[in-house]
Structures are given as structure tokens and as C-alpha cells.
>>> print(open('model02.cif').read())   # mmCIF, C-alpha atoms
data_input
loop_
_atom_site.label_atom_id
_atom_site.label_comp_id
_atom_site.auth_asym_id
_atom_site.auth_seq_id
_atom_site.Cartn_x
_atom_site.Cartn_y
_atom_site.Cartn_z
CA MET A 2 0.00 0.00 0.00
CA THR A 3 1.41 3.38 -1.03
CA ALA A 4 1.63 6.39 1.31
CA THR A 5 -1.17 8.11 -0.60
CA GLN A 6 -3.42 5.07 -0.19
CA ARG A 7 -2.63 4.93 3.51
CA TYR A 8 -3.55 8.57 4.08
CA LYS A 9 -6.71 8.06 2.05
CA THR A 10 -7.64 5.08 4.23
CA ILE A 11 -7.04 7.10 7.40
CA LEU A 12 -9.19 9.94 6.11
CA MET A 13 -12.03 7.71 4.91
CA LEU A 14 -12.17 5.89 8.24
CA GLY A 15 -11.37 8.84 10.49
CA LEU A 16 -13.54 11.60 9.04
CA PRO A 17 -16.92 9.97 9.87
CA ILE A 18 -15.67 9.28 13.40
CA ILE A 19 -14.54 12.89 13.71
CA GLY A 20 -17.89 14.05 12.33
CA GLY A 21 -19.71 12.23 15.09
CA MET A 22 -17.35 13.49 17.76
CA LEU A 23 -17.39 17.06 16.43
CA SER A 24 -21.17 16.97 16.47
CA GLN A 25 -21.05 16.09 20.18
CA SER A 26 -18.56 18.85 20.89
CA ILE A 27 -20.54 21.37 18.87
CA LEU A 28 -23.60 20.31 20.86
CA ASN A 29 -21.75 20.99 24.12
CA LEU A 30 -20.68 24.38 22.80
CA VAL A 31 -24.25 25.17 21.74
CA ASP A 32 -25.45 24.22 25.23
CA ALA A 33 -22.76 26.47 26.71
CA ALA A 34 -23.84 29.33 24.45
CA MET A 35 -27.53 28.90 25.40
CA VAL A 36 -26.80 28.54 29.11
CA GLY A 37 -24.26 31.40 28.98
CA SER A 38 -27.11 33.84 28.37
CA LEU A 39 -28.47 32.87 31.83
CA GLY A 40 -25.39 34.23 33.62
CA GLU A 41 -22.00 33.21 35.00
CA ALA A 42 -23.43 31.02 37.80
CA ALA A 43 -25.47 29.01 35.29
CA LEU A 44 -22.45 28.56 33.02
CA ALA A 45 -20.24 27.49 35.92
CA GLY A 46 -22.98 25.20 37.30
CA VAL A 47 -23.38 23.36 34.00
CA GLY A 48 -19.60 23.08 33.84
CA VAL A 49 -19.45 21.53 37.32
CA GLY A 50 -22.32 19.16 36.50
CA SER A 51 -20.89 18.11 33.15
CA TYR A 52 -17.42 17.38 34.52
CA ALA A 53 -18.92 15.41 37.42
CA ASN A 54 -20.95 13.45 34.86
CA PHE A 55 -17.75 12.81 32.91
CA VAL A 56 -16.30 11.20 36.03
CA ALA A 57 -19.48 9.16 36.46
CA VAL A 58 -19.51 7.69 32.95
CA SER A 59 -15.72 7.36 32.72
CA LEU A 60 -15.83 3.96 34.41
CA ILE A 61 -17.60 2.51 31.38
CA LEU A 62 -15.87 4.50 28.61
CA GLY A 63 -13.39 1.69 28.04
CA LEU A 64 -16.16 -0.47 26.61
CA SER A 65 -15.93 1.23 23.23
CA SER A 66 -12.20 0.67 22.71
CA GLY A 67 -12.39 -2.87 24.14
CA VAL A 68 -15.22 -3.90 21.83
CA GLN A 69 -13.61 -2.15 18.86
CA ALA A 70 -10.21 -3.81 19.34
CA MET A 71 -11.77 -7.29 19.63
CA VAL A 72 -14.11 -6.82 16.64
CA ALA A 73 -11.26 -5.51 14.46
CA ARG A 74 -8.91 -8.31 15.55
CA ARG A 75 -11.56 -11.00 14.82
CA ARG A 76 -12.13 -9.40 11.42
CA GLY A 77 -8.41 -9.44 10.66
CA GLN A 78 -8.26 -13.10 11.71
CA GLY A 79 -11.19 -13.99 9.44
CA ARG A 80 -13.37 -15.15 12.38
CA LEU A 81 -16.46 -13.41 11.00
CA ALA A 82 -19.06 -15.53 12.79
CA GLU A 83 -17.66 -14.32 16.14
CA MET A 84 -17.27 -10.63 15.29
CA ALA A 85 -20.38 -9.41 17.15
CA ARG A 86 -19.82 -11.44 20.31
CA PRO A 87 -17.79 -8.64 21.97
CA VAL A 88 -20.83 -6.37 21.49
CA ASN A 89 -23.01 -8.88 23.37
CA TRP A 90 -20.62 -8.90 26.29
CA GLY A 91 -20.47 -5.11 26.17
CA LEU A 92 -24.24 -4.92 26.57
CA ILE A 93 -24.12 -7.28 29.56
CA VAL A 94 -21.36 -5.24 31.21
CA SER A 95 -23.36 -2.05 30.60
CA VAL A 96 -26.39 -3.41 32.41
CA LEU A 97 -24.41 -4.91 35.28
CA PHE A 98 -22.28 -1.81 35.90
CA ALA A 99 -23.90 1.29 34.42
CA LEU A 100 -27.35 0.88 35.94
CA PRO A 101 -26.30 0.43 39.59
CA LEU A 102 -23.57 3.06 39.24
CA SER A 103 -26.08 5.63 38.01
CA LEU A 104 -28.31 5.01 41.03
CA ILE A 105 -25.37 5.35 43.41
CA TYR A 106 -24.18 8.58 41.80
CA ILE A 107 -27.62 10.20 41.85
CA SER A 108 -28.17 9.31 45.52
CA HIS A 109 -24.89 11.06 46.43
CA SER A 110 -25.00 13.86 43.86
CA ALA A 111 -25.12 16.71 46.40
CA ASP A 112 -21.89 15.53 48.03
CA ILE A 113 -20.19 14.97 44.67
CA ILE A 114 -21.00 18.47 43.40
CA ALA A 115 -19.97 20.04 46.71
CA LEU A 116 -16.47 18.60 46.21
CA ILE A 117 -16.03 20.70 43.07
CA SER A 118 -17.66 24.04 43.94
CA ASP A 119 -18.22 26.01 47.15
CA ASP A 120 -20.74 28.41 45.58
CA PRO A 121 -24.31 27.50 46.72
CA GLU A 122 -25.92 28.79 43.52
CA VAL A 123 -23.45 26.90 41.33
CA GLN A 124 -23.97 23.77 43.43
CA ASP A 125 -27.76 23.89 43.03
CA ILE A 126 -27.56 24.23 39.23
CA GLY A 127 -24.74 21.69 38.94
CA GLN A 128 -26.58 19.04 40.99
CA SER A 129 -29.77 19.24 38.89
CA TYR A 130 -27.79 19.07 35.65
CA PHE A 131 -25.70 16.15 36.94
CA ASP A 132 -28.75 14.15 38.09
CA TYR A 133 -30.44 14.38 34.70
CA ARG A 134 -27.29 13.51 32.75
CA THR A 135 -26.50 10.53 34.97
CA MET A 136 -29.99 9.09 34.42
CA ALA A 137 -28.86 8.21 30.88
CA MET A 138 -25.74 6.31 31.95
CA LEU A 139 -27.09 2.94 30.79
CA ALA A 140 -27.88 4.40 27.36
CA VAL A 141 -24.31 5.73 27.21
CA GLY A 142 -22.87 2.27 27.94
CA ILE A 143 -25.00 0.61 25.27
CA ASN A 144 -24.09 3.27 22.72
CA LEU A 145 -20.40 2.80 23.50
CA SER A 146 -20.68 -0.92 22.77
CA PHE A 147 -22.45 -0.17 19.49
CA ARG A 148 -19.79 2.40 18.57
CA GLY A 149 -17.12 -0.25 19.09
CA TRP A 150 -18.87 -2.44 16.51
CA TRP A 151 -19.23 0.24 13.83
CA ASN A 152 -15.64 1.43 14.23
CA GLY A 153 -14.32 -2.14 14.43
CA ILE A 154 -15.87 -3.12 11.08
CA LYS A 155 -14.73 0.20 9.54
CA GLN A 156 -18.23 1.57 9.05
CA PRO A 157 -18.23 4.63 11.35
CA GLY A 158 -20.50 6.49 8.94
CA THR A 159 -23.49 4.45 10.08
CA TYR A 160 -22.87 5.40 13.70
CA LEU A 161 -22.49 9.01 12.57
CA ILE A 162 -26.04 8.94 11.19
CA SER A 163 -27.48 7.92 14.54
CA LEU A 164 -25.35 10.54 16.30
CA LEU A 165 -26.55 13.33 14.05
CA VAL A 166 -30.18 12.38 14.65
CA MET A 167 -29.52 12.24 18.38
CA HIS A 168 -27.80 15.64 18.43
CA VAL A 169 -30.54 17.36 16.44
CA LEU A 170 -33.05 16.03 18.97
CA ASN A 171 -30.78 17.16 21.79
CA VAL A 172 -30.56 20.75 20.55
CA ALA A 173 -34.32 21.01 20.03
CA ILE A 174 -35.32 19.38 23.31
CA SER A 175 -32.68 21.18 25.39
CA TYR A 176 -33.62 24.55 23.87
CA GLY A 177 -37.27 23.93 24.68
CA LEU A 178 -36.54 22.87 28.26
CA ILE A 179 -34.06 25.67 29.00
CA PHE A 180 -36.27 28.52 27.81
CA GLY A 181 -39.77 26.99 27.99
CA LYS A 182 -40.25 26.83 24.22
CA LEU A 183 -41.88 24.26 21.91
CA GLY A 184 -44.57 23.57 24.51
CA LEU A 185 -42.03 22.35 27.08
CA PRO A 186 -41.65 23.59 30.68
CA GLU A 187 -39.03 26.25 31.43
CA MET A 188 -36.30 24.57 33.53
CA GLY A 189 -33.32 26.86 33.03
CA ALA A 190 -29.84 25.32 32.95
CA ALA A 191 -31.12 21.98 34.30
CA GLY A 192 -33.17 21.59 31.12
CA ALA A 193 -29.94 21.11 29.15
CA GLY A 194 -29.18 18.03 31.24
CA LEU A 195 -32.65 16.51 30.85
CA GLY A 196 -32.67 17.25 27.12
CA THR A 197 -29.37 15.43 26.68
CA ALA A 198 -30.61 12.42 28.68
CA ILE A 199 -33.75 12.11 26.55
CA ALA A 200 -31.77 12.42 23.31
CA LEU A 201 -29.23 9.80 24.43
CA THR A 202 -32.02 7.33 25.16
CA LEU A 203 -33.71 7.91 21.80
CA GLY A 204 -30.34 7.60 20.03
CA CYS A 205 -29.72 4.29 21.80
CA LEU A 206 -33.00 2.89 20.46
CA LEU A 207 -32.17 3.99 16.92
CA ASN A 208 -28.71 2.48 17.17
CA GLY A 209 -30.20 -0.79 18.37
CA VAL A 210 -32.32 -1.05 15.22
CA LEU A 211 -29.29 -0.37 13.00
CA MET A 212 -27.23 -2.94 14.92
CA TRP A 213 -29.90 -5.62 14.51
CA ARG A 214 -29.82 -5.17 10.75
CA SER A 215 -26.03 -5.15 10.51
CA ALA A 216 -24.66 -7.49 13.15
CA ARG A 217 -27.26 -10.26 13.46
CA PRO A 218 -25.46 -12.58 10.96
CA TYR A 219 -22.25 -12.22 12.99
CA GLY A 220 -23.62 -13.37 16.34
CA PHE A 221 -25.33 -10.24 17.66
CA LEU A 222 -27.69 -11.15 20.55
CA LYS A 223 -27.03 -14.85 19.96
CA TYR A 224 -26.18 -16.76 23.11
CA ARG A 225 -22.99 -18.78 23.18
CA ARG A 226 -20.93 -19.75 26.19
CA GLY A 227 -17.49 -18.22 26.33
CA PRO A 228 -16.26 -16.79 29.64
CA ALA A 229 -12.85 -16.13 28.10
CA SER A 230 -14.40 -13.57 25.78
CA ILE A 231 -15.93 -11.44 28.52
CA GLY A 232 -12.72 -11.81 30.48
CA LYS A 233 -10.71 -10.50 27.55
CA LEU A 234 -13.17 -7.64 27.06
CA LEU A 235 -12.84 -6.66 30.71
CA SER A 236 -9.04 -6.91 30.57
CA LEU A 237 -9.06 -4.46 27.66
CA SER A 238 -11.82 -2.19 28.94
CA ILE A 239 -10.97 -1.81 32.63
CA PRO A 240 -7.51 -0.19 32.21
CA HIS A 241 -8.93 2.24 29.63
CA SER A 242 -11.92 2.98 31.88
CA LEU A 243 -9.59 3.61 34.81
CA GLN A 244 -7.47 5.89 32.63
CA GLN A 245 -10.61 7.80 31.63
CA PHE A 246 -11.75 7.89 35.26
CA PHE A 247 -8.49 9.42 36.46
CA PHE A 248 -8.55 11.82 33.50
CA ALA A 249 -12.12 12.88 34.29
CA ALA A 250 -11.39 13.13 38.00
CA GLY A 251 -8.38 15.21 37.05
CA ILE A 252 -10.56 17.65 35.11
CA CYS A 253 -12.86 17.95 38.13
CA THR A 254 -9.84 18.52 40.35
CA LEU A 255 -8.57 21.13 37.92
CA PHE A 256 -12.00 22.78 38.00
CA TRP A 257 -11.83 22.80 41.81
CA ILE A 258 -8.34 24.33 41.68
CA ILE A 259 -9.61 27.05 39.35
CA GLY A 260 -12.58 27.51 41.69
CA GLN A 261 -10.10 28.68 44.33
CA LEU A 262 -9.54 31.65 42.03
CA GLY A 263 -13.29 32.46 41.89
CA THR A 264 -16.55 31.69 40.09
CA GLU A 265 -15.63 33.98 37.20
CA ASP A 266 -12.47 31.95 36.55
CA GLN A 267 -14.53 28.76 36.63
CA ALA A 268 -16.91 30.18 34.04
CA ILE A 269 -13.96 31.10 31.80
CA ALA A 270 -12.35 27.69 32.32
CA HIS A 271 -15.58 25.90 31.34
CA VAL A 272 -15.53 27.67 27.97
CA LEU A 273 -11.79 27.12 27.46
CA ILE A 274 -12.02 23.41 28.28
CA ASN A 275 -14.95 22.90 25.91
CA LEU A 276 -13.07 24.68 23.12
CA ALA A 277 -10.00 22.53 23.86
CA LEU A 278 -12.10 19.37 23.73
CA PHE A 279 -13.45 20.56 20.38
CA LEU A 280 -9.93 21.09 19.07
CA ILE A 281 -8.57 17.68 20.13
CA LEU A 282 -11.41 15.76 18.50
CA PRO A 283 -9.70 15.33 15.11
CA GLY A 284 -6.78 13.75 16.95
CA VAL A 285 -9.06 11.50 18.97
CA GLY A 286 -11.14 10.63 15.89
CA PHE A 287 -8.14 9.72 13.76
CA GLY A 288 -6.72 7.91 16.79
CA ILE A 289 -9.87 5.81 17.07
CA ALA A 290 -9.49 5.02 13.37
CA SER A 291 -5.94 3.86 14.09
CA THR A 292 -7.34 1.55 16.79
CA SER A 293 -9.04 -0.49 14.07
CA LEU A 294 -6.16 -0.19 11.59
CA VAL A 295 -3.53 -1.25 14.12
CA SER A 296 -5.61 -4.09 15.54
CA HIS A 297 -6.53 -5.37 12.07
CA SER A 298 -2.86 -5.35 10.98
CA LEU A 299 -1.81 -7.19 14.12
CA GLY A 300 -4.58 -9.72 13.44
CA GLU A 301 -2.80 -10.33 10.12
CA ASN A 302 0.55 -10.62 11.99
CA ASN A 303 1.92 -7.49 10.31
CA ALA A 304 3.54 -5.47 13.09
CA GLU A 305 5.49 -3.26 10.67
CA GLU A 306 2.30 -2.06 9.00
CA ALA A 307 0.63 -1.57 12.38
CA CYS A 308 3.48 0.69 13.51
CA GLN A 309 3.36 2.75 10.34
CA TRP A 310 -0.39 3.33 10.79
CA GLY A 311 0.43 5.10 14.04
CA TRP A 312 2.98 7.50 12.53
CA ASP A 313 0.85 8.24 9.46
CA THR A 314 -2.17 8.96 11.62
CA ILE A 315 -0.20 11.49 13.68
CA LYS A 316 0.79 13.38 10.52
CA THR A 317 -2.80 13.42 9.27
CA ALA A 318 -4.22 14.55 12.60
CA LEU A 319 -1.62 17.27 13.11
CA GLY A 320 -2.43 18.89 9.77
CA VAL A 321 -6.13 19.06 10.59
CA ILE A 322 -5.57 20.31 14.15
CA ILE A 323 -3.26 23.10 12.98
CA LEU A 324 -5.93 24.32 10.56
CA LEU A 325 -8.61 24.25 13.25
CA SER A 326 -6.39 26.00 15.80
CA LEU A 327 -5.66 29.02 13.61
CA PRO A 328 -8.99 30.82 14.32
CA LEU A 329 -8.45 30.37 18.07
CA TRP A 330 -5.06 32.03 17.77
CA MET A 331 -6.03 34.78 15.34
CA PHE A 332 -9.55 35.70 16.51
CA PRO A 333 -9.81 34.74 20.21
CA ASP A 334 -12.08 37.65 21.13
CA ALA A 335 -14.63 36.82 18.42
CA ILE A 336 -14.79 33.14 19.43
CA LEU A 337 -14.94 33.80 23.16
CA GLY A 338 -17.62 36.44 22.61
CA LEU A 339 -20.03 33.68 21.61
CA PHE A 340 -19.98 32.38 25.20
CA ILE A 341 -18.73 35.17 27.47
CA HIS A 342 -20.62 38.47 27.67
CA SER A 343 -18.32 40.43 29.96
CA ASP A 344 -15.52 42.57 28.52
CA THR A 345 -13.39 41.98 31.61
CA LEU A 346 -13.71 38.20 31.37
CA LEU A 347 -13.12 38.28 27.62
CA LEU A 348 -9.80 40.07 28.10
CA GLN A 349 -8.80 37.60 30.80
CA ALA A 350 -9.62 34.57 28.60
CA GLU A 351 -7.93 35.60 25.33
CA LEU A 352 -4.31 34.60 26.06
CA PRO A 353 -5.23 31.24 27.71
CA LEU A 354 -7.27 30.42 24.59
CA GLN A 355 -4.27 31.13 22.35
CA ILE A 356 -2.11 28.94 24.62
CA THR A 357 -4.74 26.22 24.26
CA ALA A 358 -4.38 26.30 20.47
CA ILE A 359 -0.61 25.76 20.72
CA ALA A 360 -0.89 23.12 23.45
CA ILE A 361 -3.29 20.91 21.50
CA CYS A 362 -0.97 20.94 18.47
CA LEU A 363 1.88 19.78 20.71
CA ASP A 364 -0.37 17.10 22.20
CA THR A 365 -1.30 15.50 18.86
CA ALA A 366 1.08 12.54 19.10
CA ALA A 367 -0.15 11.67 22.60
CA ILE A 368 -3.81 11.95 21.55
CA VAL A 369 -3.37 9.64 18.53
CA LEU A 370 -0.99 7.11 20.08
CA THR A 371 -3.20 6.71 23.14
CA GLN A 372 -5.86 5.24 20.85
CA ALA A 373 -3.35 3.31 18.68
CA LEU A 374 -1.95 1.61 21.79
CA LEU A 375 -5.48 0.64 22.82
CA GLY A 376 -5.85 -1.07 19.43
CA ALA A 377 -2.69 -3.03 20.16
CA GLY A 378 -3.98 -4.02 23.61
CA ALA A 379 -1.43 -1.91 25.53
CA ASN A 380 -4.15 -0.50 27.76
CA ARG A 381 -2.07 -0.68 30.93
CA SER A 382 0.71 1.41 29.41
CA VAL A 383 -1.84 4.08 28.47
CA LEU A 384 -3.23 3.99 32.02
CA TYR A 385 0.16 4.38 33.69
CA ILE A 386 1.56 7.12 31.44
CA SER A 387 -1.61 9.23 31.38
CA THR A 388 -2.39 8.94 35.08
CA VAL A 389 1.13 9.61 36.35
CA GLY A 390 1.55 12.60 34.05
CA GLN A 391 -1.75 14.15 35.09
CA TRP A 392 -1.76 13.46 38.82
CA MET A 393 1.94 13.63 39.69
CA PHE A 394 2.96 16.46 37.36
CA TYR A 395 0.18 18.64 35.96
CA LEU A 396 -2.34 18.92 38.80
CA PRO A 397 0.18 19.55 41.61
CA LEU A 398 1.92 22.21 39.53
CA ALA A 399 -1.41 23.75 38.50
CA TRP A 400 -2.37 24.20 42.15
CA LEU A 401 1.08 25.44 43.12
CA ILE A 402 1.41 27.97 40.29
CA GLY A 403 -2.26 28.99 40.06
CA PRO A 404 -3.87 29.64 43.46
CA TYR A 405 -0.83 29.17 45.75
CA TRP A 406 1.78 31.33 44.01
CA GLY A 407 -0.85 33.61 42.53
CA PHE A 408 -0.18 33.27 38.78
CA GLY A 409 -3.88 32.57 38.25
CA LEU A 410 -5.56 31.05 35.22
CA LEU A 411 -2.73 32.03 32.88
CA GLY A 412 -0.16 30.18 34.98
CA ILE A 413 -2.30 27.04 35.03
CA TRP A 414 -2.62 27.10 31.24
CA LEU A 415 1.15 27.50 30.78
CA VAL A 416 1.70 24.38 32.91
CA GLN A 417 -0.80 22.59 30.69
CA LEU A 418 1.27 23.54 27.62
CA ILE A 419 4.38 21.90 29.09
CA HIS A 420 2.44 18.83 30.22
CA ARG A 421 0.95 18.16 26.77
CA ALA A 422 4.35 18.49 25.04
CA LEU A 423 5.97 16.01 27.46
CA SER A 424 3.09 13.54 27.03
CA SER A 425 3.60 13.45 23.26
CA ALA A 426 7.32 12.82 23.69
CA ILE A 427 6.72 9.91 26.07
CA PHE A 428 4.00 8.24 23.98
CA SER A 429 6.13 8.57 20.83
CA TYR A 430 9.00 6.80 22.59
CA VAL A 431 6.75 3.95 23.76
CA TRP A 432 5.30 3.53 20.25
CA SER A 433 8.76 3.40 18.67
CA LYS A 434 9.85 0.56 21.02
CA ARG A 435 7.10 -1.74 19.56
CA GLN A 436 6.70 -3.89 22.65
CA TRP A 437 2.93 -3.54 22.15
CA ALA A 438 3.12 -5.71 19.01
CA GLU A 439 3.45 -8.89 21.09
CA ILE A 440 0.22 -8.44 23.11
CA ALA A 441 -2.51 -11.04 22.47
CA VAL A 442 -6.09 -9.78 22.09
#
>>> encode(input="model02.cif", output="C-alpha cells")
Amino acid sequence: MTATQRYKTILMLGLPIIGGMLSQSILNLVDAAMVGSLGEAALAGVGVGSYANFVAVSLILGLSSGVQAMVARRRGQGRLAEMARPVNWGLIVSVLFALPLSLIYISHSADIIALISDDPEVQDIGQSYFDYRTMAMLAVGINLSFRGWWNGIKQPGTYLISLLVMHVLNVAISYGLIFGKLGLPEMGAAGAGLGTAIALTLGCLLNGVLMWRSARPYGFLKYRRGPASIGKLLSLSIPHSLQQFFFAAGICTLFWIIGQLGTEDQAIAHVLINLALFLILPGVGFGIASTSLVSHSLGENNAEEACQWGWDTIKTALGVIILLSLPLWMFPDAILGLFIHSDTLLLQAELPLQITAIAICLDTAAIVLTQALLGAGANRSVLYISTVGQWMFYLPLAWLIGPYWGFGLLGIWLVQLIHRALSSAIFSYVWSKRQWAEIAV
């Protein structure tokens, strides 16, 4: 396969994945823009609730990569009749874990939100938003298992269709519930959480219909004993879920650290983090594409090709991220003005946003290779590198430089720049060593 063909393959597989992920990020930004008109407390409250919800669902996020790696590996091995079995186990894990976890989280939501913010008004808004979002945790788990199937068989476009339908419903329902439009009750910021929960559930039902049509011939919802399969799925999913949990908990901790600077800084940080998450999505999307490409190549016992997929994906992702980051660097005031309606806060947020644009470019290799290593089954390596870097380097320095030494939000964002650059260097070194090529999946 020529270099041109390889880049074409990456683009054809990655762009639909990115489209689905960008639609989710755009949805979050639209929610932030709608809620932002309600004031700084509402914006900060939704930020607190959304990051707490990220921690809640993080314990099942590994299902998608686990299912995807197993489906792609079975496809590469030619074991087509078994391809959908990982999806079945993913559904079982979702029911056994997501449902009880959601009940536990909701029953302790007041205490969870209080850990992130000390502002009573922010806490009240954040708790309501968190409760509604967490109600849909089971739907999230099921959708993650379905996403693993579509990405694993290299048909992410089908999943994109269901996502787009779900997001359109989300915007309409959330808008109606926030402002009391379309015959719906006016709920304020909490309506954004309920609207998202309803849309996630409807999207899950649509995805189930599409899965039935696609995966039934390959063992979908067909019972067959095989404890080793669920054990392998858990061995792949748990380290990634733990990595996502520590990452999500780290964001909440970061939000708490910023909260020591004040509610206004938290409102700014919520916008900056959402814009950063928007900017990294091409890297994550292409990285998820590399999960299938790497796993499929390893299924064919071609470690050399698997390694090259990682490097080529980094080059592709970096080009796209640079293009997307230019508006953030060149027109920060215009972009921030969509969410922040205070001239003072706008001025304070401009330089951190420009730093964000540079930091994400430097982080591209880490973003892509995190997903590529998951495709190779090196989930524990991803867990160790990501967790140590975040909790033993970035967060302690963010607290020290931000609130303690008084360098504020700008100081915290400069530490983030250094952290992302170091992460890319470490992940690139691990990928070049190729020890991941010997892992059985």
C-alpha cells in the first residue's frame, strides 16, 4: 500500500468518526452558548455538572475501545461468525455496571457536586444538571458498545447517522426545556441536562435497530458460552476505563483548583475546556481510526504495517488540528464572545485560549498514540503514562502555580502547555519501542 493510499484510508475511516465526535462537541458548545445567556453562575454550574458526569460515565468509557479492538482483531483473523460477540458482552457489562452506578451517583449527587464548587448557587444548578445527565448512563454504555462495533468493522459512517439524529433532537429538546419553548416547561440550565438524557435514550433505540440489521449474521444477541471472551473484554476495557476515570477526576480537580480563584475563573475555564475538547477531536477521531487499523494489521501478523499506521495517523491529525487551531489564535475575542458576555472576562480569557491552540498541536502525538496503543492491547501502558503525568505532574503544579503562588488562570494554562508536550514525547517513545506488538487480544 502506497503512502497516498494509507492517508486516504485514514481519512475515509477517520472523518466519519470525527464528524460524530465534532457533532457532540458542537452540541456541548451550543449548550454552553444557550446557558451562557443565563449568567455566570449558570455557566459554571453546568460546567461543574458536566465534569462530574464525565467522572461518572468514565468507568464505562473503556467499553468502546475494548469492543472495537476485539471486533477488528476477529475481522483481521477472518473469524467473521464471532465478530459481534464482543458487542453482546459489552451490553451485559453495561447493564451490570452502568445501571447500579447511576443510582449510586444520583443518591450522592449533592456531596459529589460540593467537592467541586463552594458556591451554593453553582452547586444547586450543577446538581440538577448532573442528576439528569447521569440518568442516561445505561444508554451511554449501550451506545459505547455499538460504537465499538461500527468502528471495528470500519463503518463509522453508520454510527455518525445515529449521532446526528440524536444531536438534532438534543438541541431542540434542550432549547425547549431551557427557555420553555416548543410547549415544554421552562427549567433553566437543568433543562440542558434533561434534554441530553432524553436524546441519548432515543439515540440508543435507533442504534439498536441499525445494529440488529447489521450485526445479526455475525452473532449479535445470539447466546454462546465463552467466559474467556468477557474476560478479555474486561481486561481491555478496565484499564482504559480507569485511565478515563483518572482523567475525568483530574478535570474535576482542575475545575476545583480554578474555583479557588473564583466563580468567574470557573466560568472562563468551562468555555476554554470545551473549546480545547473541540480542538482535540480530530486527533481522537483519527486515533480511534488507528485503533481499528492497528488491531486489524496485528490480526494479520503485520507489526510493521501496524506501527506505520500510528505515525501516518499522527501526521494526518496534526495537519487538521493546525488548521482548526488558527482561528483560536487569530480571533480569540470573536470566538470567546459567543460564550462570554463580559468585557473583563473576555480580556482575561484571550491569552489562555491562544495557549490552548498551541498546546493541542503539541499534544497531537499523545492523543493519537493513546488510541493506537489501545488497538494493540497496551491498555495498561496508556493507564500508567496518562495517570502519572496528570496526577503527579500537571495537577500539583497547577495548584502550586495557580492559586498558591498567585499566577492565576494564565499560569495554570502554561503548565498545561508543558504537560501536553511532554506527554507526546513519552507516547512517541513507547510507540517506537514496539513492545505492544506482542500483546494477544
>>> atom_distance(input="model02.cif", atom1="CA of Arg7 in chain A", atom2="CA of Val369 in chain A")
15.8 Å
>>> atom_distance(input="model02.cif", atom1="CA of Ile231 in chain A", atom2="CA of Arg148 in chain A")
17.5 Å
>>> resolve_selection(input="model02.cif", expression="the PyMOL selection byres ((chain A and resi 272) around 12)", output="ChimeraX atom specification")
/A:26,29-34,36-37,41,44-45,47-49,256,265-271,273-279,333,336-342,346-347,350-351,353-354,357
>>> resolve_selection(input="model02.cif", expression="the PyMOL selection byres ((chain A and resi 377-387) around 10)", output="CSV table (one decimal) with C-alpha atoms, in the frame of the given file")
chain,number,residue,atom,x,y,z
A,63,GLY,CA,-13.4,1.7,28.0
A,66,SER,CA,-12.2,0.7,22.7
A,67,GLY,CA,-12.4,-2.9,24.1
A,70,ALA,CA,-10.2,-3.8,19.3
A,71,MET,CA,-11.8,-7.3,19.6
A,74,ARG,CA,-8.9,-8.3,15.6
A,236,SER,CA,-9.0,-6.9,30.6
A,237,LEU,CA,-9.1,-4.5,27.7
A,238,SER,CA,-11.8,-2.2,28.9
A,239,ILE,CA,-11.0,-1.8,32.6
A,240,PRO,CA,-7.5,-0.2,32.2
A,241,HIS,CA,-8.9,2.2,29.6
A,242,SER,CA,-11.9,3.0,31.9
A,243,LEU,CA,-9.6,3.6,34.8
A,244,GLN,CA,-7.5,5.9,32.6
A,245,GLN,CA,-10.6,7.8,31.6
A,246,PHE,CA,-11.8,7.9,35.3
A,247,PHE,CA,-8.5,9.4,36.5
A,248,PHE,CA,-8.6,11.8,33.5
A,291,SER,CA,-5.9,3.9,14.1
A,292,THR,CA,-7.3,1.6,16.8
A,293,SER,CA,-9.0,-0.5,14.1
A,294,LEU,CA,-6.2,-0.2,11.6
A,295,VAL,CA,-3.5,-1.2,14.1
A,296,SER,CA,-5.6,-4.1,15.5
A,297,HIS,CA,-6.5,-5.4,12.1
A,298,SER,CA,-2.9,-5.4,11.0
A,299,LEU,CA,-1.8,-7.2,14.1
A,300,GLY,CA,-4.6,-9.7,13.4
A,304,ALA,CA,3.5,-5.5,13.1
A,307,ALA,CA,0.6,-1.6,12.4
A,308,CYS,CA,3.5,0.7,13.5
A,367,ALA,CA,-0.2,11.7,22.6
A,370,LEU,CA,-1.0,7.1,20.1
A,371,THR,CA,-3.2,6.7,23.1
A,372,GLN,CA,-5.9,5.2,20.8
A,373,ALA,CA,-3.4,3.3,18.7
A,374,LEU,CA,-2.0,1.6,21.8
A,375,LEU,CA,-5.5,0.6,22.8
A,376,GLY,CA,-5.8,-1.1,19.4
A,388,THR,CA,-2.4,8.9,35.1
A,389,VAL,CA,1.1,9.6,36.4
A,390,GLY,CA,1.6,12.6,34.0
A,391,GLN,CA,-1.8,14.2,35.1
A,392,TRP,CA,-1.8,13.5,38.8
A,424,SER,CA,3.1,13.5,27.0
A,427,ILE,CA,6.7,9.9,26.1
A,428,PHE,CA,4.0,8.2,24.0
A,431,VAL,CA,6.8,4.0,23.8
A,435,ARG,CA,7.1,-1.7,19.6
A,436,GLN,CA,6.7,-3.9,22.6
A,437,TRP,CA,2.9,-3.5,22.2
A,438,ALA,CA,3.1,-5.7,19.0
A,439,GLU,CA,3.4,-8.9,21.1
A,440,ILE,CA,0.2,-8.4,23.1
A,441,ALA,CA,-2.5,-11.0,22.5
A,442,VAL,CA,-6.1,-9.8,22.1
>>> axis_aligned_box(input="model02.cif", around="range 201-208 of chain A", padding_each_side="4 Å", output="lines of an AutoDock Vina configuration file")
center_x = -31.2
center_y = 6.1
center_z = 21.0
size_x = 13.0
size_y = 15.3
size_z = 16.2
>>> atom_distance(input="model02.cif", atom1="CA of Phe394 in chain A", atom2="CA of Ile356 in chain A")
18.5 Å
>>> closest_residue(input="model02.cif", among="A:Ala111, A:Met136, A:Val123, A:Cys253", to="Val56 in chain A", atoms="only C-alpha atoms")
A:Cys253
